[in-house]
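Input: a single structure, listed below in structure tokens.
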Amino acid sequence: SGCLLFPVSWNYVCRWRRCCALGCGFGHASAPLADLAEGAIGPNGYHAPGELGARYNRFRSGFVFQGRTLWPLLGDGAAPGAADFVPRLDGWRGGVWRLAEAVLGRLEAELGDAGLLLPQPGHISGRLFAEGGLRDMVSHSQFHIKRMHPAPVKDQEGFAVRMPLHQDPGFISIVLHASADPPGQGLEVLDEACGAFVPIPSSGPEVATVVVGQLFHLLCGRGRAGYRPAKAAHRVVTRPMDMDKERLAATFFFQPAPGDLLEPLVAPSEALADACAPGLAQGVPAQQEAFSDRRSRTLARYA
């Protein structure tokens, strides 16, 4: 619709970072992020390059917001735009949440039409994964607003890997880039069939890239023969001619509440069911796990 990707400029949030360093914000820019959101599964606030998972944030800095809580980045509200920062950010985030619900609703319909979706008693059709739904993947989501920093170019490859190959840990992710130059912003997806990296063809304020995550595979990837969703492992690379171009992106990670049990959404194949505990054949894992436990293990691998 032509709306700006972010409701405030990066210069504004950089001013907030300097304010933090002087002790007048809600956190210190050089200190670990504080977990301020009640029931959150991770931290809120700013991180510098190399913090909060050094391998994956070596060349990134930015902000992390968890769940419903949005913190005023300038406590005194004196900076231009500070007073309406939270309402504007909340409205923008709400729009992305509605987009995610449309994507998740389509996913629910496709699984149902294919006869793959296990019975979900009491849920409203089309709202299984929506905010307040039976398998809500929206209310406890997190989002990042992060900027890339220059990285060394490997001579033998001719480009810099600014984020190494990985899968997102949640159910699905939605990525929004602030620029269309270069197209795709260096985001590449691994094609499992041929082992080659495929560049995302477009980016910009009106383009949303949807990525399936590890949790999607855990809950939906054990379906009957013929149903095998792509892993969507991806990385970010930059060519030397693009290194000086700003790369600013927001990524929304849609996931369950921390205490939600990870019950499968798709019935396993007959072969898998025969090889596992009897309960799995009815879609009930032998040992249920809370999302917070799995998330903790996943984050440990990102360090």
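By convention here, the chains of the structure tokens are called A, B, ... in the order presented, each chain's residues are numbered starting at 1, and ligands are numbered starting at 1 in the order presented.
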
Can I get the residues of region 161-201 of chain A within 12 Å of region 217-220 of chain A, each with the closest pair of atoms and their distance in Å to one decimal, using only C-alpha atoms, sorted chain first then ascending number, as JSON lines?
```
{"residue": "A:Gln167", "atom": "CA", "partner": "A:His217", "partner_atom": "CA", "distance": 10.5}
{"residue": "A:Asp168", "atom": "CA", "partner": "A:His217", "partner_atom": "CA", "distance": 10.9}
{"residue": "A:Pro169", "atom": "CA", "partner": "A:His217", "partner_atom": "CA", "distance": 10.1}
{"residue": "A:Gly170", "atom": "CA", "partner": "A:His217", "partner_atom": "CA", "distance": 9.7}
{"residue": "A:Phe171", "atom": "CA", "partner": "A:His217", "partner_atom": "CA", "distance": 8.1}
{"residue": "A:Ile172", "atom": "CA", "partner": "A:His217", "partner_atom": "CA", "distance": 10.1}
```

Write the residues of the selection above to a file with all heavy atoms, as a short mmCIF file (atom, residue, chain, number, x, y, z; two decimals), in the first residue's frame.
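Below you can see out.cif, which holds the result:
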```cif
data_model
loop_
_atom_site.label_atom_id
_atom_site.label_comp_id
_atom_site.auth_asym_id
_atom_site.auth_seq_id
_atom_site.Cartn_x
_atom_site.Cartn_y
_atom_site.Cartn_z
N GLN A 167 18.12 -22.60 9.87
CA GLN A 167 16.66 -22.61 9.83
C GLN A 167 16.15 -21.74 10.95
O GLN A 167 16.72 -21.70 12.05
CB GLN A 167 16.13 -24.03 10.05
CG GLN A 167 16.22 -24.96 8.86
CD GLN A 167 15.62 -26.31 9.20
OE1 GLN A 167 16.27 -27.18 9.77
NE2 GLN A 167 14.35 -26.49 8.86
N ASP A 168 15.05 -21.03 10.71
CA ASP A 168 14.42 -20.27 11.78
C ASP A 168 13.80 -21.23 12.79
O ASP A 168 13.30 -22.29 12.42
CB ASP A 168 13.35 -19.33 11.21
CG ASP A 168 13.95 -18.18 10.44
OD1 ASP A 168 15.18 -17.98 10.53
OD2 ASP A 168 13.21 -17.48 9.72
N PRO A 169 13.82 -20.88 14.07
CA PRO A 169 13.38 -21.82 15.10
C PRO A 169 11.87 -21.92 15.28
O PRO A 169 11.39 -22.87 15.89
CB PRO A 169 14.03 -21.27 16.38
CG PRO A 169 14.15 -19.80 16.12
CD PRO A 169 14.44 -19.66 14.65
N GLY A 170 11.09 -20.96 14.76
CA GLY A 170 9.65 -20.94 15.03
C GLY A 170 8.84 -21.74 14.03
O GLY A 170 9.33 -22.62 13.32
N PHE A 171 7.53 -21.42 13.98
CA PHE A 171 6.59 -22.12 13.08
C PHE A 171 6.71 -21.56 11.67
O PHE A 171 7.02 -22.28 10.73
CB PHE A 171 5.18 -21.98 13.63
CG PHE A 171 4.17 -22.89 12.99
CD1 PHE A 171 4.25 -24.26 13.16
CD2 PHE A 171 3.14 -22.39 12.24
CE1 PHE A 171 3.32 -25.12 12.58
CE2 PHE A 171 2.20 -23.22 11.65
CZ PHE A 171 2.30 -24.60 11.82
N ILE A 172 6.46 -20.28 11.51
CA ILE A 172 6.77 -19.58 10.27
C ILE A 172 7.38 -18.23 10.63
O ILE A 172 7.22 -17.74 11.75
CB ILE A 172 5.55 -19.36 9.34
CG1 ILE A 172 4.58 -18.36 9.97
CG2 ILE A 172 4.89 -20.68 8.99
CD1 ILE A 172 3.52 -17.85 8.98
#
```

Selection: 8 Å around region 123-140 of chain A, only C-alpha atoms, excl. self and same-chain fewer than 6 positions, as a PDB file with all heavy atoms, in the first residue's frame:
```
ATOM      1  N   ALA A  40       7.613 -13.815  28.712  1.00  0.00           N
ATOM      2  CA  ALA A  40       8.347 -13.850  27.448  1.00  0.00           C
ATOM      3  C   ALA A  40       9.321 -15.011  27.443  1.00  0.00           C
ATOM      4  O   ALA A  40       9.784 -15.466  28.481  1.00  0.00           O
ATOM      5  CB  ALA A  40       9.094 -12.539  27.221  1.00  0.00           C
ATOM      6  N   GLN A  66       9.341  -8.947  22.242  1.00  0.00           N
ATOM      7  CA  GLN A  66       8.712 -10.235  22.525  1.00  0.00           C
ATOM      8  C   GLN A  66       7.229 -10.060  22.826  1.00  0.00           C
ATOM      9  O   GLN A  66       6.844  -9.159  23.568  1.00  0.00           O
ATOM     10  CB  GLN A  66       9.374 -10.887  23.754  1.00  0.00           C
ATOM     11  CG  GLN A  66      10.855 -11.119  23.610  1.00  0.00           C
ATOM     12  CD  GLN A  66      11.183 -12.355  22.805  1.00  0.00           C
ATOM     13  OE1 GLN A  66      10.320 -13.174  22.523  1.00  0.00           O
ATOM     14  NE2 GLN A  66      12.444 -12.508  22.441  1.00  0.00           N
ATOM     15  N   GLY A  67       6.403 -10.953  22.274  1.00  0.00           N
ATOM     16  CA  GLY A  67       4.994 -10.989  22.639  1.00  0.00           C
ATOM     17  C   GLY A  67       4.266  -9.693  22.373  1.00  0.00           C
ATOM     18  O   GLY A  67       4.496  -8.992  21.389  1.00  0.00           O
ATOM     19  N   ARG A  68       3.367  -9.336  23.279  1.00  0.00           N
ATOM     20  CA  ARG A  68       2.527  -8.142  23.096  1.00  0.00           C
ATOM     21  C   ARG A  68       3.185  -6.861  23.583  1.00  0.00           C
ATOM     22  O   ARG A  68       2.734  -5.765  23.260  1.00  0.00           O
ATOM     23  CB  ARG A  68       1.206  -8.326  23.861  1.00  0.00           C
ATOM     24  CG  ARG A  68       0.360  -9.483  23.362  1.00  0.00           C
ATOM     25  CD  ARG A  68      -0.881  -9.643  24.237  1.00  0.00           C
ATOM     26  NE  ARG A  68      -1.726 -10.724  23.768  1.00  0.00           N
ATOM     27  CZ  ARG A  68      -2.633 -10.613  22.806  1.00  0.00           C
ATOM     28  NH1 ARG A  68      -2.811  -9.461  22.219  1.00  0.00           N
ATOM     29  NH2 ARG A  68      -3.356 -11.648  22.431  1.00  0.00           N
ATOM     30  N   TRP A  97       0.707  -8.915  11.896  1.00  0.00           N
ATOM     31  CA  TRP A  97       0.015 -10.042  12.539  1.00  0.00           C
ATOM     32  C   TRP A  97      -1.188 -10.482  11.699  1.00  0.00           C
ATOM     33  O   TRP A  97      -1.433 -11.671  11.534  1.00  0.00           O
ATOM     34  CB  TRP A  97      -0.430  -9.647  13.946  1.00  0.00           C
ATOM     35  CG  TRP A  97       0.657  -9.729  14.972  1.00  0.00           C
ATOM     36  CD1 TRP A  97       2.001  -9.781  14.760  1.00  0.00           C
ATOM     37  CD2 TRP A  97       0.472  -9.762  16.384  1.00  0.00           C
ATOM     38  NE1 TRP A  97       2.670  -9.839  15.958  1.00  0.00           N
ATOM     39  CE2 TRP A  97       1.762  -9.822  16.971  1.00  0.00           C
ATOM     40  CE3 TRP A  97      -0.637  -9.718  17.226  1.00  0.00           C
ATOM     41  CZ2 TRP A  97       1.959  -9.866  18.355  1.00  0.00           C
ATOM     42  CZ3 TRP A  97      -0.446  -9.762  18.602  1.00  0.00           C
ATOM     43  CH2 TRP A  97       0.839  -9.836  19.167  1.00  0.00           C
ATOM     44  N   ALA A 100       0.042 -12.404   8.804  1.00  0.00           N
ATOM     45  CA  ALA A 100       0.427 -13.750   9.226  1.00  0.00           C
ATOM     46  C   ALA A 100      -0.793 -14.633   9.417  1.00  0.00           C
ATOM     47  O   ALA A 100      -0.783 -15.821   9.046  1.00  0.00           O
ATOM     48  CB  ALA A 100       1.235 -13.683  10.518  1.00  0.00           C
ATOM     49  N   GLU A 101      -1.862 -14.084   9.976  1.00  0.00           N
ATOM     50  CA  GLU A 101      -3.080 -14.877  10.174  1.00  0.00           C
ATOM     51  C   GLU A 101      -3.669 -15.319   8.837  1.00  0.00           C
ATOM     52  O   GLU A 101      -4.210 -16.435   8.721  1.00  0.00           O
ATOM     53  CB  GLU A 101      -4.095 -14.084  10.985  1.00  0.00           C
ATOM     54  CG  GLU A 101      -3.709 -13.946  12.450  1.00  0.00           C
ATOM     55  CD  GLU A 101      -4.701 -13.141  13.249  1.00  0.00           C
ATOM     56  OE1 GLU A 101      -5.440 -12.327  12.651  1.00  0.00           O
ATOM     57  OE2 GLU A 101      -4.734 -13.300  14.491  1.00  0.00           O
ATOM     58  N   LEU A 104      -1.405 -18.168   7.725  1.00  0.00           N
ATOM     59  CA  LEU A 104      -1.641 -19.345   8.564  1.00  0.00           C
ATOM     60  C   LEU A 104      -3.012 -19.954   8.292  1.00  0.00           C
ATOM     61  O   LEU A 104      -3.185 -21.179   8.344  1.00  0.00           O
ATOM     62  CB  LEU A 104      -1.498 -18.969  10.033  1.00  0.00           C
ATOM     63  CG  LEU A 104      -0.072 -18.627  10.487  1.00  0.00           C
ATOM     64  CD1 LEU A 104      -0.090 -17.937  11.853  1.00  0.00           C
ATOM     65  CD2 LEU A 104       0.804 -19.866  10.536  1.00  0.00           C
ATOM     66  N   GLY A 105      -4.004 -19.104   8.007  1.00  0.00           N
ATOM     67  CA  GLY A 105      -5.327 -19.609   7.662  1.00  0.00           C
ATOM     68  C   GLY A 105      -5.302 -20.396   6.368  1.00  0.00           C
ATOM     69  O   GLY A 105      -5.968 -21.430   6.234  1.00  0.00           O
ATOM     70  N   ARG A 106      -4.529 -19.915   5.391  1.00  0.00           N
ATOM     71  CA  ARG A 106      -4.379 -20.636   4.126  1.00  0.00           C
ATOM     72  C   ARG A 106      -3.692 -21.982   4.359  1.00  0.00           C
ATOM     73  O   ARG A 106      -4.069 -23.007   3.771  1.00  0.00           O
ATOM     74  CB  ARG A 106      -3.579 -19.783   3.143  1.00  0.00           C
ATOM     75  CG  ARG A 106      -3.293 -20.446   1.805  1.00  0.00           C
ATOM     76  CD  ARG A 106      -4.546 -20.655   0.974  1.00  0.00           C
ATOM     77  NE  ARG A 106      -4.217 -21.243  -0.311  1.00  0.00           N
ATOM     78  CZ  ARG A 106      -3.928 -20.534  -1.407  1.00  0.00           C
ATOM     79  NH1 ARG A 106      -3.915 -19.196  -1.351  1.00  0.00           N
ATOM     80  NH2 ARG A 106      -3.650 -21.137  -2.536  1.00  0.00           N
ATOM     81  N   GLU A 108      -3.756 -23.747   7.148  1.00  0.00           N
ATOM     82  CA  GLU A 108      -4.740 -24.621   7.792  1.00  0.00           C
ATOM     83  C   GLU A 108      -5.683 -25.234   6.756  1.00  0.00           C
ATOM     84  O   GLU A 108      -5.966 -26.449   6.789  1.00  0.00           O
ATOM     85  CB  GLU A 108      -5.535 -23.830   8.833  1.00  0.00           C
ATOM     86  CG  GLU A 108      -6.648 -24.634   9.487  1.00  0.00           C
ATOM     87  CD  GLU A 108      -7.611 -23.763  10.264  1.00  0.00           C
ATOM     88  OE1 GLU A 108      -7.262 -22.610  10.603  1.00  0.00           O
ATOM     89  OE2 GLU A 108      -8.738 -24.230  10.530  1.00  0.00           O
ATOM     90  N   ALA A 109      -6.142 -24.411   5.823  1.00  0.00           N
ATOM     91  CA  ALA A 109      -7.074 -24.896   4.810  1.00  0.00           C
ATOM     92  C   ALA A 109      -6.421 -25.940   3.913  1.00  0.00           C
ATOM     93  O   ALA A 109      -7.040 -26.962   3.574  1.00  0.00           O
ATOM     94  CB  ALA A 109      -7.584 -23.722   3.971  1.00  0.00           C
ATOM     95  N   PHE A 171       7.528 -21.419  13.977  1.00  0.00           N
ATOM     96  CA  PHE A 171       6.594 -22.121  13.084  1.00  0.00           C
ATOM     97  C   PHE A 171       6.709 -21.562  11.667  1.00  0.00           C
ATOM     98  O   PHE A 171       7.017 -22.279  10.729  1.00  0.00           O
ATOM     99  CB  PHE A 171       5.179 -21.980  13.631  1.00  0.00           C
ATOM    100  CG  PHE A 171       4.174 -22.889  12.991  1.00  0.00           C
ATOM    101  CD1 PHE A 171       4.250 -24.264  13.164  1.00  0.00           C
ATOM    102  CD2 PHE A 171       3.144 -22.388  12.236  1.00  0.00           C
ATOM    103  CE1 PHE A 171       3.324 -25.119  12.576  1.00  0.00           C
ATOM    104  CE2 PHE A 171       2.198 -23.219  11.647  1.00  0.00           C
ATOM    105  CZ  PHE A 171       2.295 -24.596  11.815  1.00  0.00           C
ATOM    106  N   PHE A 254       6.769 -16.362  14.257  1.00  0.00           N
ATOM    107  CA  PHE A 254       5.478 -16.779  14.805  1.00  0.00           C
ATOM    108  C   PHE A 254       5.617 -18.144  15.456  1.00  0.00           C
ATOM    109  O   PHE A 254       6.142 -19.089  14.850  1.00  0.00           O
ATOM    110  CB  PHE A 254       4.414 -16.744  13.703  1.00  0.00           C
ATOM    111  CG  PHE A 254       4.149 -15.342  13.227  1.00  0.00           C
ATOM    112  CD1 PHE A 254       4.808 -14.831  12.117  1.00  0.00           C
ATOM    113  CD2 PHE A 254       3.281 -14.515  13.931  1.00  0.00           C
ATOM    114  CE1 PHE A 254       4.601 -13.527  11.707  1.00  0.00           C
ATOM    115  CE2 PHE A 254       3.075 -13.199  13.528  1.00  0.00           C
ATOM    116  CZ  PHE A 254       3.734 -12.707  12.417  1.00  0.00           C
ATOM    117  N   GLN A 255       5.136 -18.238  16.707  1.00  0.00           N
ATOM    118  CA  GLN A 255       5.426 -19.396  17.552  1.00  0.00           C
ATOM    119  C   GLN A 255       4.378 -19.519  18.649  1.00  0.00           C
ATOM    120  O   GLN A 255       3.625 -18.582  18.903  1.00  0.00           O
ATOM    121  CB  GLN A 255       6.812 -19.213  18.177  1.00  0.00           C
ATOM    122  CG  GLN A 255       6.902 -17.942  19.028  1.00  0.00           C
ATOM    123  CD  GLN A 255       8.318 -17.540  19.371  1.00  0.00           C
ATOM    124  OE1 GLN A 255       9.275 -17.908  18.686  1.00  0.00           O
ATOM    125  NE2 GLN A 255       8.481 -16.784  20.450  1.00  0.00           N
ATOM    126  N   PRO A 256       4.327 -20.670  19.335  1.00  0.00           N
ATOM    127  CA  PRO A 256       3.335 -20.844  20.411  1.00  0.00           C
ATOM    128  C   PRO A 256       3.741 -20.103  21.684  1.00  0.00           C
ATOM    129  O   PRO A 256       4.825 -19.515  21.770  1.00  0.00           O
ATOM    130  CB  PRO A 256       3.349 -22.369  20.652  1.00  0.00           C
ATOM    131  CG  PRO A 256       4.245 -22.957  19.621  1.00  0.00           C
ATOM    132  CD  PRO A 256       5.119 -21.872  19.106  1.00  0.00           C
ATOM    133  N   ALA A 257       2.873 -20.180  22.680  1.00  0.00           N
ATOM    134  CA  ALA A 257       3.196 -19.665  24.014  1.00  0.00           C
ATOM    135  C   ALA A 257       4.283 -20.540  24.620  1.00  0.00           C
ATOM    136  O   ALA A 257       4.398 -21.730  24.297  1.00  0.00           O
ATOM    137  CB  ALA A 257       1.954 -19.663  24.898  1.00  0.00           C
ATOM    138  N   PRO A 258       5.112 -19.992  25.504  1.00  0.00           N
ATOM    139  CA  PRO A 258       6.208 -20.777  26.085  1.00  0.00           C
ATOM    140  C   PRO A 258       5.767 -22.093  26.705  1.00  0.00           C
ATOM    141  O   PRO A 258       6.446 -23.106  26.557  1.00  0.00           O
ATOM    142  CB  PRO A 258       6.788 -19.831  27.143  1.00  0.00           C
ATOM    143  CG  PRO A 258       6.460 -18.464  26.648  1.00  0.00           C
ATOM    144  CD  PRO A 258       5.138 -18.584  25.959  1.00  0.00           C
TER     145      PRO A 258
END
```

Per DSSP on the backbone, filter region 128-202 of chain A down to the residues in strand (DSSP E or B) and report them as a PyMOL selection string. chain A and resi 142-148+154+159-166+172-177+187-190+197-199

Give the helix (DSSP H, G or I) residues of region 76-178 of chain A, as DSSP finds them on the backbone, and put them as a PyMOL selection string. chain A and resi 85-113

Could you state the separation of CA of Gly158 (chain A) and CA of Glu206 (chain A) in Å, given to one decimal place?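 Atom-to-atom, CA of Gly158 (chain A) and CA of Glu206 (chain A) are spaced 29.7 Å apart.
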
Go ahead and compute the interatomic distance for CA of Met241 (chain A) and CA of Pro183 (chain A), in Å to one decimal. 13.2 Å

Figure out the distance between CA of Pro182 (chain A) and CA of Val153 (chain A), please, to one decimal in Å.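 We find that CA of Val153 (chain A) and CA of Pro182 (chain A) lie 16.9 Å from each other.
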
Of the residues A:Leu190, A:Ala48, A:Leu261, A:Val210, which is the one nearest to Gln288 (chain A), using only C-alpha atoms?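 Once distances to Gln288 (chain A) are computed over only C-alpha atoms, the minimum belongs to A:Leu261.
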
So which residues touch region 247-252 of chain A within 9 Å, counting only C-alpha atoms, skipping near sequence neighbours fewer than 3 positions away, as a PyMOL selection string? chain A and resi 5-6+10+96-97+141-149+172-179+181+185+243-244

Which of these residues is nearest to Glu192 (chain A), using only C-alpha atoms: A:Val86, A:Ala233, A:Ser296, A:Ala151?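 Closest residue, counting only C-alpha atoms: A:Ala233.
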
Measuring between only C-alpha atoms, which one of A:Gly115, A:Pro201, A:Pro87, A:Gly221 shows the shortest distance to Glu188 (chain A)?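 The shortest atom-to-atom distance to Glu188 (chain A) comes from A:Pro201.
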